[in-house]
$ cat entry_19.txt   # compact mmCIF, C-alpha atoms (C1' of nucleotides)
# COMPACT_ATOMS: atom_id res chain seq x y z
CA MET A 352 -235.04 -44.39 -13.80
CA TRP A 353 -237.38 -42.18 -11.79
CA LEU A 354 -240.42 -43.86 -13.37
CA SER A 355 -239.12 -47.37 -12.78
CA GLU A 356 -238.24 -46.58 -9.15
CA VAL A 357 -241.71 -45.22 -8.47
CA MET A 358 -243.41 -48.17 -10.13
CA LEU A 359 -241.23 -50.60 -8.21
CA GLN A 360 -242.22 -49.19 -4.82
CA GLN A 361 -243.70 -52.23 -3.05
CA THR A 362 -244.27 -53.87 -6.42
CA THR A 363 -242.59 -56.78 -8.18
CA VAL A 364 -240.54 -56.49 -11.36
CA ALA A 365 -242.91 -58.85 -13.18
CA ALA A 366 -245.90 -56.68 -12.39
CA VAL A 367 -244.12 -53.47 -13.38
CA LYS A 368 -242.67 -54.55 -16.73
CA PRO A 369 -245.74 -54.17 -18.97
CA TYR A 370 -246.75 -50.93 -17.27
CA PHE A 371 -243.28 -49.45 -17.66
CA ALA A 372 -243.25 -50.31 -21.37
CA LYS A 373 -246.72 -48.82 -21.83
CA PHE A 374 -245.86 -45.60 -20.01
CA ILE A 375 -242.58 -45.07 -21.86
CA ALA A 376 -244.28 -45.63 -25.20
CA ARG A 377 -247.10 -43.22 -24.40
CA TRP A 378 -245.19 -40.59 -22.43
CA PRO A 379 -241.53 -40.89 -23.51
CA ASN A 380 -240.22 -38.06 -21.35
CA VAL A 381 -240.98 -35.89 -18.34
CA ALA A 382 -242.43 -33.09 -20.46
CA ALA A 383 -244.94 -35.47 -22.03
CA LEU A 384 -246.00 -36.76 -18.65
CA ALA A 385 -246.24 -33.24 -17.26
CA ALA A 386 -248.59 -32.31 -20.10
CA ALA A 387 -250.78 -35.40 -19.69
CA PRO A 388 -254.25 -35.10 -18.16
CA GLU A 389 -254.12 -36.63 -14.71
CA ASP A 390 -257.12 -38.89 -15.28
CA GLU A 391 -255.44 -40.50 -18.29
CA VAL A 392 -252.38 -41.31 -16.21
CA MET A 393 -254.57 -42.69 -13.43
CA ALA A 394 -256.40 -44.92 -15.93
CA ALA A 395 -253.10 -46.14 -17.37
CA TRP A 396 -251.95 -47.02 -13.85
CA ALA A 397 -255.10 -49.11 -13.19
CA GLY A 398 -254.26 -52.57 -11.89
CA LEU A 399 -250.82 -51.66 -10.55
CA GLY A 400 -252.03 -50.53 -7.14
CA TYR A 401 -251.12 -47.76 -4.70
CA TYR A 402 -252.77 -45.16 -6.86
CA SER A 403 -251.40 -42.18 -4.98
CA ARG A 404 -248.18 -43.02 -6.81
CA ALA A 405 -249.82 -42.12 -10.12
CA ARG A 406 -251.15 -38.84 -8.75
CA ASN A 407 -247.75 -38.00 -7.32
CA LEU A 408 -246.06 -39.02 -10.57
CA VAL A 409 -247.96 -36.36 -12.50
CA ALA A 410 -247.37 -33.74 -9.79
CA CYS A 411 -243.67 -34.61 -9.78
CA ALA A 412 -243.42 -34.44 -13.57
CA ARG A 413 -244.99 -30.98 -13.50
CA GLU A 414 -242.59 -29.73 -10.84
CA VAL A 415 -239.61 -31.09 -12.71
CA ALA A 416 -240.86 -29.63 -15.99
CA ALA A 417 -241.15 -26.25 -14.29
CA LEU A 418 -237.64 -26.58 -12.86
CA GLY A 419 -236.25 -27.60 -16.24
CA ARG A 420 -234.60 -30.77 -14.95
CA PHE A 421 -234.46 -33.12 -11.99
CA PRO A 422 -232.64 -31.74 -8.95
CA HIS A 423 -229.35 -33.58 -8.40
CA THR A 424 -229.12 -33.63 -4.62
CA GLU A 425 -230.80 -36.07 -2.31
CA ARG A 426 -232.32 -33.25 -0.27
CA ASP A 427 -233.98 -31.56 -3.24
CA LEU A 428 -235.14 -34.85 -4.75
CA ARG A 429 -236.70 -35.75 -1.42
CA ALA A 430 -238.93 -32.68 -1.69
CA LEU A 431 -240.58 -33.93 -4.89
CA PRO A 432 -243.99 -35.64 -4.63
CA GLY A 433 -243.73 -39.40 -4.35
CA LEU A 434 -240.00 -39.45 -3.64
CA GLY A 435 -239.36 -40.68 -0.13
CA ALA A 436 -236.12 -41.47 1.68
CA TYR A 437 -235.32 -44.52 -0.41
CA THR A 438 -236.16 -43.21 -3.88
CA ALA A 439 -234.48 -39.84 -3.35
CA ALA A 440 -231.28 -41.51 -2.17
CA ALA A 441 -231.37 -44.08 -4.98
CA VAL A 442 -231.83 -41.49 -7.72
CA ALA A 443 -229.18 -39.18 -6.25
CA ALA A 444 -226.65 -41.99 -5.97
CA ILE A 445 -227.40 -44.02 -9.09
CA ALA A 446 -228.48 -41.35 -11.59
CA PHE A 447 -226.39 -38.40 -10.41
CA GLY A 448 -223.37 -39.97 -8.71
CA GLU A 449 -223.99 -38.24 -5.39
CA ARG A 450 -222.93 -40.01 -2.24
CA ALA A 451 -226.13 -41.22 -0.55
CA VAL A 452 -227.16 -43.90 1.91
CA VAL A 453 -229.65 -46.04 0.02
CA ILE A 454 -231.85 -48.30 2.12
CA ASP A 455 -234.70 -50.37 0.75
CA ALA A 456 -236.12 -53.58 2.17
CA ASN A 457 -233.28 -55.58 0.62
CA VAL A 458 -230.50 -53.45 2.08
CA GLU A 459 -232.33 -53.39 5.39
CA ARG A 460 -232.39 -57.20 5.46
CA VAL A 461 -228.74 -57.63 4.42
CA VAL A 462 -227.46 -55.12 6.96
CA ALA A 463 -229.67 -56.48 9.75
CA ARG A 464 -228.09 -59.89 9.12
CA LEU A 465 -224.54 -58.64 8.67
CA TYR A 466 -224.68 -57.13 12.15
CA ALA A 467 -227.30 -59.45 13.67
CA VAL A 468 -229.47 -56.52 14.71
CA THR A 469 -231.84 -57.87 17.34
CA ASP A 470 -234.01 -54.77 17.76
CA PRO A 471 -237.27 -55.24 15.90
CA LEU A 472 -238.34 -53.04 13.02
CA PRO A 473 -239.28 -50.28 12.72
CA ALA A 474 -237.44 -49.15 15.87
CA ALA A 475 -234.17 -50.54 14.46
CA ARG A 476 -234.24 -48.23 11.45
CA LYS A 477 -232.03 -45.54 12.98
CA ALA A 478 -229.38 -48.09 13.89
CA LEU A 479 -229.63 -49.68 10.46
CA TYR A 480 -229.13 -46.27 8.84
CA LYS A 481 -225.96 -45.67 10.89
CA LEU A 482 -224.58 -49.10 10.02
CA THR A 483 -225.35 -48.67 6.32
CA ASP A 484 -223.81 -45.21 6.37
CA GLN A 485 -220.62 -46.67 7.87
CA ILE A 486 -220.19 -49.22 5.10
CA THR A 487 -221.27 -46.99 2.20
CA PRO A 488 -218.18 -45.79 0.28
CA ALA A 489 -217.48 -42.14 -0.47
CA SER A 490 -217.38 -42.79 -4.19
CA ARG A 491 -219.67 -44.92 -6.34
CA SER A 492 -222.22 -45.28 -3.56
CA GLY A 493 -224.80 -45.97 -6.27
CA ASP A 494 -222.90 -49.05 -7.41
CA PHE A 495 -222.56 -50.13 -3.79
CA ALA A 496 -226.31 -49.70 -3.30
CA GLN A 497 -227.13 -51.72 -6.39
CA ALA A 498 -224.76 -54.48 -5.29
CA MET A 499 -226.37 -54.60 -1.87
CA MET A 500 -229.86 -54.67 -3.36
CA ASP A 501 -228.84 -57.45 -5.75
CA ILE A 502 -227.47 -59.51 -2.87
CA GLY A 503 -230.68 -58.90 -0.97
CA SER A 504 -233.02 -59.85 -3.79
CA GLY A 505 -231.02 -62.77 -5.20
CA ILE A 506 -229.02 -64.28 -2.36
CA CYS A 507 -229.90 -62.89 1.05
CA THR A 508 -233.58 -63.55 0.53
CA SER A 509 -236.21 -63.27 3.19
CA ARG A 510 -237.01 -66.92 3.77
CA ASP A 511 -234.14 -69.00 2.42
CA PRO A 512 -230.84 -67.09 2.26
CA GLN A 513 -228.17 -68.73 0.07
CA CYS A 514 -225.19 -68.17 2.36
CA GLN A 515 -223.12 -70.71 0.39
CA ILE A 516 -222.83 -68.31 -2.52
CA CYS A 517 -222.92 -65.04 -0.56
CA PRO A 518 -219.83 -62.83 -0.90
CA LEU A 519 -220.53 -61.43 2.57
CA ALA A 520 -220.83 -64.79 4.33
CA ASP A 521 -217.51 -64.52 6.17
CA LEU A 522 -218.46 -61.10 7.53
CA CYS A 523 -222.00 -62.01 8.52
CA ALA A 524 -222.84 -62.10 12.24
CA ALA A 525 -226.24 -63.69 11.62
CA ARG A 526 -224.62 -66.54 9.72
CA LYS A 527 -222.17 -67.11 12.58
CA GLN A 528 -225.18 -67.43 14.90
CA GLY A 529 -226.62 -70.09 12.64
CA ASP A 530 -230.06 -68.71 11.79
CA PRO A 531 -229.80 -65.72 9.46
CA ALA A 532 -233.45 -65.96 8.39
CA ARG A 533 -234.60 -64.71 11.78
CA PHE A 534 -233.29 -61.24 10.90
CA PRO A 535 -234.57 -58.61 10.57
CA VAL A 536 -236.80 -59.03 13.58
CA LYS A 537 -240.32 -57.86 12.78
CA PRO A 538 -243.32 -57.22 15.00
CA ALA A 539 -246.31 -59.53 14.79
CA LYS A 540 -248.85 -58.35 12.28
CA LYS A 541 -252.42 -57.58 13.11
CA ALA A 542 -255.16 -59.72 11.66
CA THR A 543 -256.94 -58.09 8.75
CA PRO A 544 -260.69 -57.68 9.27
CA THR A 545 -263.25 -58.42 6.58
CA ARG A 546 -265.70 -55.79 5.41
CA GLN A 547 -268.83 -56.21 3.38
CA GLY A 548 -270.13 -53.94 0.66
CA THR A 549 -272.21 -53.70 -2.47
CA ALA A 550 -271.32 -52.39 -5.92
CA PHE A 551 -273.95 -51.40 -8.46
CA TRP A 552 -273.82 -52.29 -12.14
CA ILE A 553 -276.21 -49.96 -13.94
CA GLU A 554 -276.55 -50.69 -17.63
CA ARG A 555 -278.44 -48.82 -20.32
CA GLY A 556 -278.09 -49.65 -23.97
CA ASN A 557 -274.45 -50.49 -24.50
CA LYS A 558 -273.19 -48.35 -21.65
CA VAL A 559 -272.54 -48.66 -17.95
CA TRP A 560 -272.62 -45.95 -15.30
CA LEU A 561 -269.20 -45.21 -13.82
CA VAL A 562 -268.18 -42.77 -11.12
CA THR A 563 -264.79 -41.30 -10.20
CA ARG A 564 -263.80 -41.91 -6.60
CA ALA A 565 -262.69 -39.16 -4.25
CA GLY A 566 -259.10 -38.05 -4.69
CA LYS A 567 -257.80 -39.48 -1.43
CA GLY A 568 -258.47 -42.73 0.36
CA MET A 569 -259.06 -46.17 -1.06
CA LEU A 570 -258.61 -46.33 -4.84
CA GLY A 571 -258.56 -42.55 -4.77
CA GLY A 572 -259.09 -40.77 -8.04
CA MET A 573 -259.92 -43.97 -9.90
CA ARG A 574 -262.99 -44.72 -12.01
CA ALA A 575 -265.24 -47.22 -10.30
CA LEU A 576 -268.68 -48.71 -10.07
CA PRO A 577 -270.95 -46.83 -7.69
CA ASP A 578 -271.02 -48.57 -4.31
CA ASP A 579 -272.32 -48.28 -0.77
CA GLY A 580 -269.04 -47.32 0.87
CA TRP A 581 -268.35 -50.92 1.98
CA ARG A 582 -269.61 -50.25 5.46
CA ALA A 583 -272.88 -52.13 5.37
CA SER A 584 -274.00 -52.85 8.87
CA GLY A 585 -274.38 -56.40 10.08
CA ASP A 586 -277.82 -56.72 8.55
CA GLY A 587 -276.32 -56.23 5.09
CA THR A 588 -278.70 -53.46 4.14
CA CYS A 589 -277.55 -50.76 1.82
CA LYS A 590 -279.03 -48.00 -0.24
CA ALA A 591 -279.18 -48.49 -4.00
CA PRO A 592 -278.57 -45.40 -6.15
CA ILE A 593 -281.92 -45.82 -7.91
CA LYS A 594 -285.16 -47.53 -7.07
CA GLY A 595 -286.26 -50.51 -9.09
CA THR A 596 -285.56 -54.14 -9.69
CA TRP A 597 -282.03 -55.23 -8.88
CA GLN A 598 -280.67 -58.63 -9.81
CA PRO A 599 -278.04 -60.30 -7.63
CA VAL A 600 -274.97 -60.99 -9.74
CA GLY A 601 -272.58 -62.58 -7.29
CA LEU A 602 -269.83 -61.92 -4.78
CA VAL A 603 -266.30 -60.64 -5.34
CA ARG A 604 -263.64 -61.37 -2.73
CA HIS A 605 -260.69 -59.04 -2.75
CA SER A 606 -257.87 -58.47 -0.27
CA PHE A 607 -256.34 -55.09 0.38
CA THR A 608 -253.37 -54.31 2.58
CA HIS A 609 -255.31 -53.80 5.79
CA PHE A 610 -258.68 -55.45 5.23
CA ALA A 611 -260.48 -57.96 3.04
CA LEU A 612 -263.64 -57.12 1.19
CA GLU A 613 -266.66 -59.19 0.25
CA LEU A 614 -268.34 -57.17 -2.43
CA THR A 615 -271.86 -58.07 -3.47
CA VAL A 616 -272.55 -57.06 -7.06
CA SER A 617 -276.04 -55.94 -7.93
CA ARG A 618 -277.28 -55.29 -11.45
CA TYR A 619 -279.89 -53.00 -12.93
CA ALA A 620 -280.38 -53.14 -16.69
CA SER A 621 -283.03 -51.11 -18.43
CA GLU A 622 -283.57 -48.72 -21.30
CA THR A 623 -285.25 -46.33 -18.90
CA VAL A 624 -282.79 -45.52 -16.13
CA PRO A 625 -283.68 -42.55 -13.95
CA GLN A 626 -281.44 -39.49 -14.03
CA LEU A 627 -278.09 -40.07 -12.31
CA GLN A 628 -275.53 -37.55 -11.14
CA ASN A 629 -271.76 -37.35 -10.64
CA GLY A 630 -270.71 -39.99 -13.09
CA GLU A 631 -270.62 -40.89 -16.76
CA TRP A 632 -272.06 -43.43 -19.16
CA TRP A 633 -269.19 -45.54 -20.39
CA PRO A 634 -269.36 -47.68 -23.58
CA LEU A 635 -269.15 -51.35 -22.73
CA ASP A 636 -267.07 -52.16 -25.79
CA ARG A 637 -264.18 -50.13 -24.45
CA LEU A 638 -264.50 -50.73 -20.75
CA GLU A 639 -260.80 -51.63 -20.51
CA ALA A 640 -259.96 -48.02 -21.31
CA ALA A 641 -261.89 -46.84 -18.25
CA GLY A 642 -259.02 -47.93 -16.03
CA LEU A 643 -260.97 -49.76 -13.37
CA PRO A 644 -258.87 -50.93 -10.43
CA THR A 645 -258.76 -54.69 -10.02
CA LEU A 646 -261.60 -54.89 -7.49
CA PHE A 647 -264.05 -53.26 -9.90
CA ALA A 648 -262.64 -55.05 -12.93
CA LYS A 649 -263.54 -58.29 -11.14
CA ALA A 650 -267.04 -56.99 -10.40
CA ALA A 651 -267.49 -55.89 -14.01
CA ARG A 652 -266.43 -59.30 -15.30
CA LEU A 653 -269.04 -60.88 -13.07
CA ALA A 654 -271.81 -58.51 -14.14
CA ARG A 655 -271.05 -58.93 -17.84
CA ALA A 656 -271.09 -62.70 -17.50
CA GLN A 657 -274.83 -62.31 -16.91
CA ASP A 658 -275.48 -61.56 -20.56
C1' DA B 107 -245.40 -42.42 14.54
C1' DA B 108 -248.61 -45.64 13.53
C1' DA B 109 -251.77 -46.48 10.21
C1' DG B 110 -253.53 -46.18 5.49
C1' DC B 111 -252.67 -47.46 0.97
C1' DG B 112 -253.19 -52.53 -4.08
C1' DT B 113 -251.96 -56.28 -6.20
C1' DG B 114 -250.26 -60.77 -7.60
C1' DG B 115 -247.18 -64.50 -6.60
C1' DT B 116 -245.33 -67.93 -3.28
C1' DT B 117 -245.45 -71.04 0.53
C1' DT C 945 -255.40 -71.56 2.16
C1' DA C 946 -254.25 -67.98 4.97
C1' DA C 947 -250.27 -65.64 5.62
C1' DC C 948 -246.55 -63.58 3.96
C1' DC C 949 -243.88 -61.15 0.74
C1' DA C 950 -242.15 -57.43 -3.11
C1' DA C 951 -237.21 -52.00 -5.31
C1' DG C 952 -242.17 -47.23 0.17
C1' DC C 953 -244.66 -42.84 0.66
C1' DT C 954 -247.81 -39.89 3.11
C1' DT C 955 -250.07 -37.91 6.94
$ encode --input "entry_19.txt" --output "structure tokens"
Amino acid sequence: MWLSEVMLQQTTVAAVKPYFAKFIARWPNVAALAAAPEDEVMAAWAGLGYYSRARNLVACAREVAALGRFPHTERDLRALPGLGAYTAAAVAAIAFGERAVVIDANVERVVARLYAVTDPLPAARKALYKLTDQITPASRSGDFAQAMMDIGSGICTSRDPQCQICPLADLCAARKQGDPARFPVKPAKKATPTRQGTAFWIERGNKVWLVTRAGKGMLGGMRALPDDGWRASGDGTCKAPIKGTWQPVGLVRHSFTHFALELTVSRYASETVPQLQNGEWWPLDRLEAAGLPTLFAKAARLARAQD
DNA sequence: AAAGCGTGGTT
DNA sequence: TAACCAAGCTT
């Protein structure tokens, strides 16, 4: 349950399913995951996004392995890496039968509508916690939480709530007002800027040069193509890792949470590549196993289409 | 406490 | 299609 909850953070069930199956097959229990090399777990997570979750997953598995078992209280669960307010409460309530106030985006939406909370998020969170606490039963709070989340995901949906089939319709203040979809009130979102960058495909024989990105920050800890940091100035100039003849390969467009990226891909293929540092030559015939995040998988596809 | 952090699907 | 959305956590 812990693994599925972590994978499902900000991620759809459809996206999680194959990853969950793969992880359970490869690391069937916490001890196996605790013993796994971190880079293998990172590579297995490639494509799922929010890679700090994978780092925290390993750290959490190691703490739990050292403890001998998962803590059973919300407070102690909350102290584990990668378990925030929601996940700690959900695991405590659902897995261990502790009374906990479980609030995810679904519960937040249902409660905001039930009480027609007009304060915008995130300021309304304290009030929403109090309201959810008031309606959470002393026993079987995990079942209550799952019921609320099911209503939120299947009936009280963000855009088109199905009040006709909602068991809470008669109690719902937002429905009485006539426009439940306007809750919860959210602040306007900022426009996402576009950045430009260049990635370098360096090929020698049947191998490509890959680096491992810094532990924190964008795509932290993931294997990647070398790049220019995506901060090319307006003139588009950037420094290539080696001197020589570079071929333009194309442009990859990719959207992240807070900016979009236009990544120019540049290719250098030769049997005589100068000495490179801080990376590894990776066999092209098993590039999938490198665990490239989607951005670089797109760039690699483009570069290989040149052949 | 506001911002950083992925990706794929839907509208 | 650009914007929005989906079972948040960390600093």
$ residues_near_point --input "entry_19.txt" --point "(-252.6, -56.8, -2.7)" --cutoff "6 Å" --atoms "all atoms listed in the file" --output "JSON, numbers by chain"
{"A": [607, 608], "B": [112, 113]}
$ residues_around --input "entry_19.txt" --residues "DG114 (chain B)" --least-positions-apart "5" --cutoff "10 Å" --atoms "only C-alpha atoms (C1' of nucleotides)" --output "PyMOL selection string"
(chain A and resi 362-363+365-366+399) or (chain C and resi 950)
$ interface_residues --input "entry_19.txt" --of "chain A" --to "chain C" --cutoff "7 Å" --atoms "only C-alpha atoms (C1' of nucleotides)" --output "list of chain:residue names"
A:Glu356, A:Leu359, A:Gln360, A:Gln361, A:Thr362, A:Thr363, A:Gly433, A:Gly435, A:Asp455
$ residues_near_point --input "entry_19.txt" --point "(-257.9, -46.3, -5.5)" --cutoff "8 Å" --atoms "all atoms listed in the file" --output "list in words"
Gly400, Tyr401, Tyr402, Ser403, Arg564, Lys567, Gly568, Met569, Leu570, Gly571, Gly572, Met573 and Pro644 of chain A; DG112 of chain B
$ atom_distance --input "entry_19.txt" --atom1 "CA of Val462 (chain A)" --atom2 "CA of Val357 (chain A)"
23.2 Å
$ closest_residue --input "entry_19.txt" --among "A:Gln513, A:His609, A:Pro379, A:Ala520" --to "DA109 (chain B)" --atoms "all atoms listed in the file"
A:His609
$ atom_distance --input "entry_19.txt" --atom1 "CA of Thr545 (chain A)" --atom2 "CA of Val603 (chain A)"
12.5 Å
$ closest_residue --input "entry_19.txt" --among "A:Asp530, A:Asp494, A:Asp511, A:Asp521" --to "chain B" --atoms "all atoms listed in the file"
A:Asp511
$ atom_distance --input "entry_19.txt" --atom1 "CA of Asn407 (chain A)" --atom2 "CA of Pro369 (chain A)"
20.0 Å
$ residues_around --input "entry_19.txt" --residues "Cys507 (chain A)" --least-positions-apart "3" --cutoff "9 Å" --atoms "only C-alpha atoms (C1' of nucleotides)" --output "list of chain:residue names"
A:Asn457, A:Arg460, A:Val461, A:Arg464, A:Asp501, A:Ile502, A:Gly503, A:Ser504, A:Arg510, A:Asp511, A:Pro512, A:Gln513, A:Cys514, A:Cys517, A:Pro531, A:Ala532
$ build_atoms --input "entry_19.txt" --residues "region 646-656 of chain A" --atoms "all heavy atoms" --output "mmCIF file, in the frame of the given file"
data_model
loop_
_atom_site.group_PDB
_atom_site.id
_atom_site.type_symbol
_atom_site.label_atom_id
_atom_site.label_comp_id
_atom_site.auth_asym_id
_atom_site.auth_seq_id
_atom_site.Cartn_x
_atom_site.Cartn_y
_atom_site.Cartn_z
ATOM 1 N N LEU A 646 -260.351 -54.548 -8.175
ATOM 2 C CA LEU A 646 -261.600 -54.890 -7.490
ATOM 3 C C LEU A 646 -262.799 -54.720 -8.422
ATOM 4 O O LEU A 646 -263.641 -55.612 -8.557
ATOM 5 C CB LEU A 646 -261.785 -54.010 -6.258
ATOM 6 C CG LEU A 646 -263.183 -54.075 -5.633
ATOM 7 C CD1 LEU A 646 -263.421 -55.435 -4.998
ATOM 8 C CD2 LEU A 646 -263.371 -52.954 -4.632
ATOM 9 N N PHE A 647 -262.886 -53.557 -9.076
ATOM 10 C CA PHE A 647 -264.050 -53.260 -9.900
ATOM 11 C C PHE A 647 -263.976 -53.963 -11.258
ATOM 12 O O PHE A 647 -265.009 -54.244 -11.876
ATOM 13 C CB PHE A 647 -264.231 -51.757 -10.054
ATOM 14 C CG PHE A 647 -264.619 -51.083 -8.766
ATOM 15 C CD1 PHE A 647 -263.719 -50.260 -8.106
ATOM 16 C CD2 PHE A 647 -265.860 -51.314 -8.199
ATOM 17 C CE1 PHE A 647 -264.063 -49.660 -6.906
ATOM 18 C CE2 PHE A 647 -266.217 -50.717 -6.997
ATOM 19 C CZ PHE A 647 -265.314 -49.892 -6.346
ATOM 20 N N ALA A 648 -262.771 -54.259 -11.706
ATOM 21 C CA ALA A 648 -262.640 -55.050 -12.930
ATOM 22 C C ALA A 648 -263.216 -56.442 -12.693
ATOM 23 O O ALA A 648 -263.889 -57.008 -13.556
ATOM 24 C CB ALA A 648 -261.167 -55.124 -13.351
ATOM 25 N N LYS A 649 -262.967 -56.995 -11.502
ATOM 26 C CA LYS A 649 -263.540 -58.290 -11.140
ATOM 27 C C LYS A 649 -265.067 -58.209 -11.120
ATOM 28 O O LYS A 649 -265.759 -59.084 -11.645
ATOM 29 C CB LYS A 649 -263.061 -58.733 -9.754
ATOM 30 C CG LYS A 649 -261.626 -59.208 -9.653
ATOM 31 C CD LYS A 649 -261.384 -59.649 -8.209
ATOM 32 C CE LYS A 649 -259.943 -60.011 -7.923
ATOM 33 N NZ LYS A 649 -259.755 -60.287 -6.468
ATOM 34 N N ALA A 650 -265.588 -57.156 -10.500
ATOM 35 C CA ALA A 650 -267.040 -56.990 -10.400
ATOM 36 C C ALA A 650 -267.661 -56.849 -11.787
ATOM 37 O O ALA A 650 -268.724 -57.410 -12.068
ATOM 38 C CB ALA A 650 -267.364 -55.777 -9.533
ATOM 39 N N ALA A 651 -266.976 -56.107 -12.656
ATOM 40 C CA ALA A 651 -267.490 -55.890 -14.010
ATOM 41 C C ALA A 651 -267.528 -57.205 -14.790
ATOM 42 O O ALA A 651 -268.479 -57.490 -15.522
ATOM 43 C CB ALA A 651 -266.620 -54.865 -14.742
ATOM 44 N N ARG A 652 -266.496 -57.996 -14.617
ATOM 45 C CA ARG A 652 -266.430 -59.300 -15.300
ATOM 46 C C ARG A 652 -267.630 -60.154 -14.892
ATOM 47 O O ARG A 652 -268.274 -60.800 -15.707
ATOM 48 C CB ARG A 652 -265.125 -60.003 -14.928
ATOM 49 C CG ARG A 652 -264.653 -61.035 -15.925
ATOM 50 C CD ARG A 652 -263.291 -61.586 -15.508
ATOM 51 N NE ARG A 652 -262.324 -60.529 -15.216
ATOM 52 C CZ ARG A 652 -261.449 -60.565 -14.229
ATOM 53 N NH1 ARG A 652 -261.419 -61.609 -13.406
ATOM 54 N NH2 ARG A 652 -260.605 -59.573 -14.035
ATOM 55 N N LEU A 653 -267.916 -60.102 -13.597
ATOM 56 C CA LEU A 653 -269.040 -60.880 -13.070
ATOM 57 C C LEU A 653 -270.370 -60.389 -13.648
ATOM 58 O O LEU A 653 -271.212 -61.181 -14.086
ATOM 59 C CB LEU A 653 -269.045 -60.735 -11.542
ATOM 60 C CG LEU A 653 -269.634 -61.855 -10.707
ATOM 61 C CD1 LEU A 653 -268.923 -63.158 -11.001
ATOM 62 C CD2 LEU A 653 -269.487 -61.496 -9.218
ATOM 63 N N ALA A 654 -270.534 -59.080 -13.659
ATOM 64 C CA ALA A 654 -271.810 -58.510 -14.140
ATOM 65 C C ALA A 654 -272.013 -58.791 -15.625
ATOM 66 O O ALA A 654 -273.121 -59.054 -16.068
ATOM 67 C CB ALA A 654 -271.829 -57.012 -13.889
ATOM 68 N N ARG A 655 -270.930 -58.730 -16.390
ATOM 69 C CA ARG A 655 -271.050 -58.930 -17.840
ATOM 70 C C ARG A 655 -271.262 -60.400 -18.183
ATOM 71 O O ARG A 655 -271.754 -60.729 -19.263
ATOM 72 C CB ARG A 655 -269.835 -58.381 -18.558
ATOM 73 C CG ARG A 655 -269.636 -56.910 -18.335
ATOM 74 C CD ARG A 655 -268.532 -56.349 -19.172
ATOM 75 N NE ARG A 655 -268.931 -56.186 -20.560
ATOM 76 C CZ ARG A 655 -268.123 -55.690 -21.511
ATOM 77 N NH1 ARG A 655 -266.886 -55.362 -21.191
ATOM 78 N NH2 ARG A 655 -268.554 -55.549 -22.744
ATOM 79 N N ALA A 656 -270.874 -61.263 -17.265
ATOM 80 C CA ALA A 656 -271.090 -62.700 -17.500
ATOM 81 C C ALA A 656 -272.567 -63.045 -17.453
ATOM 82 O O ALA A 656 -272.983 -64.131 -17.842
ATOM 83 C CB ALA A 656 -270.318 -63.517 -16.468
#
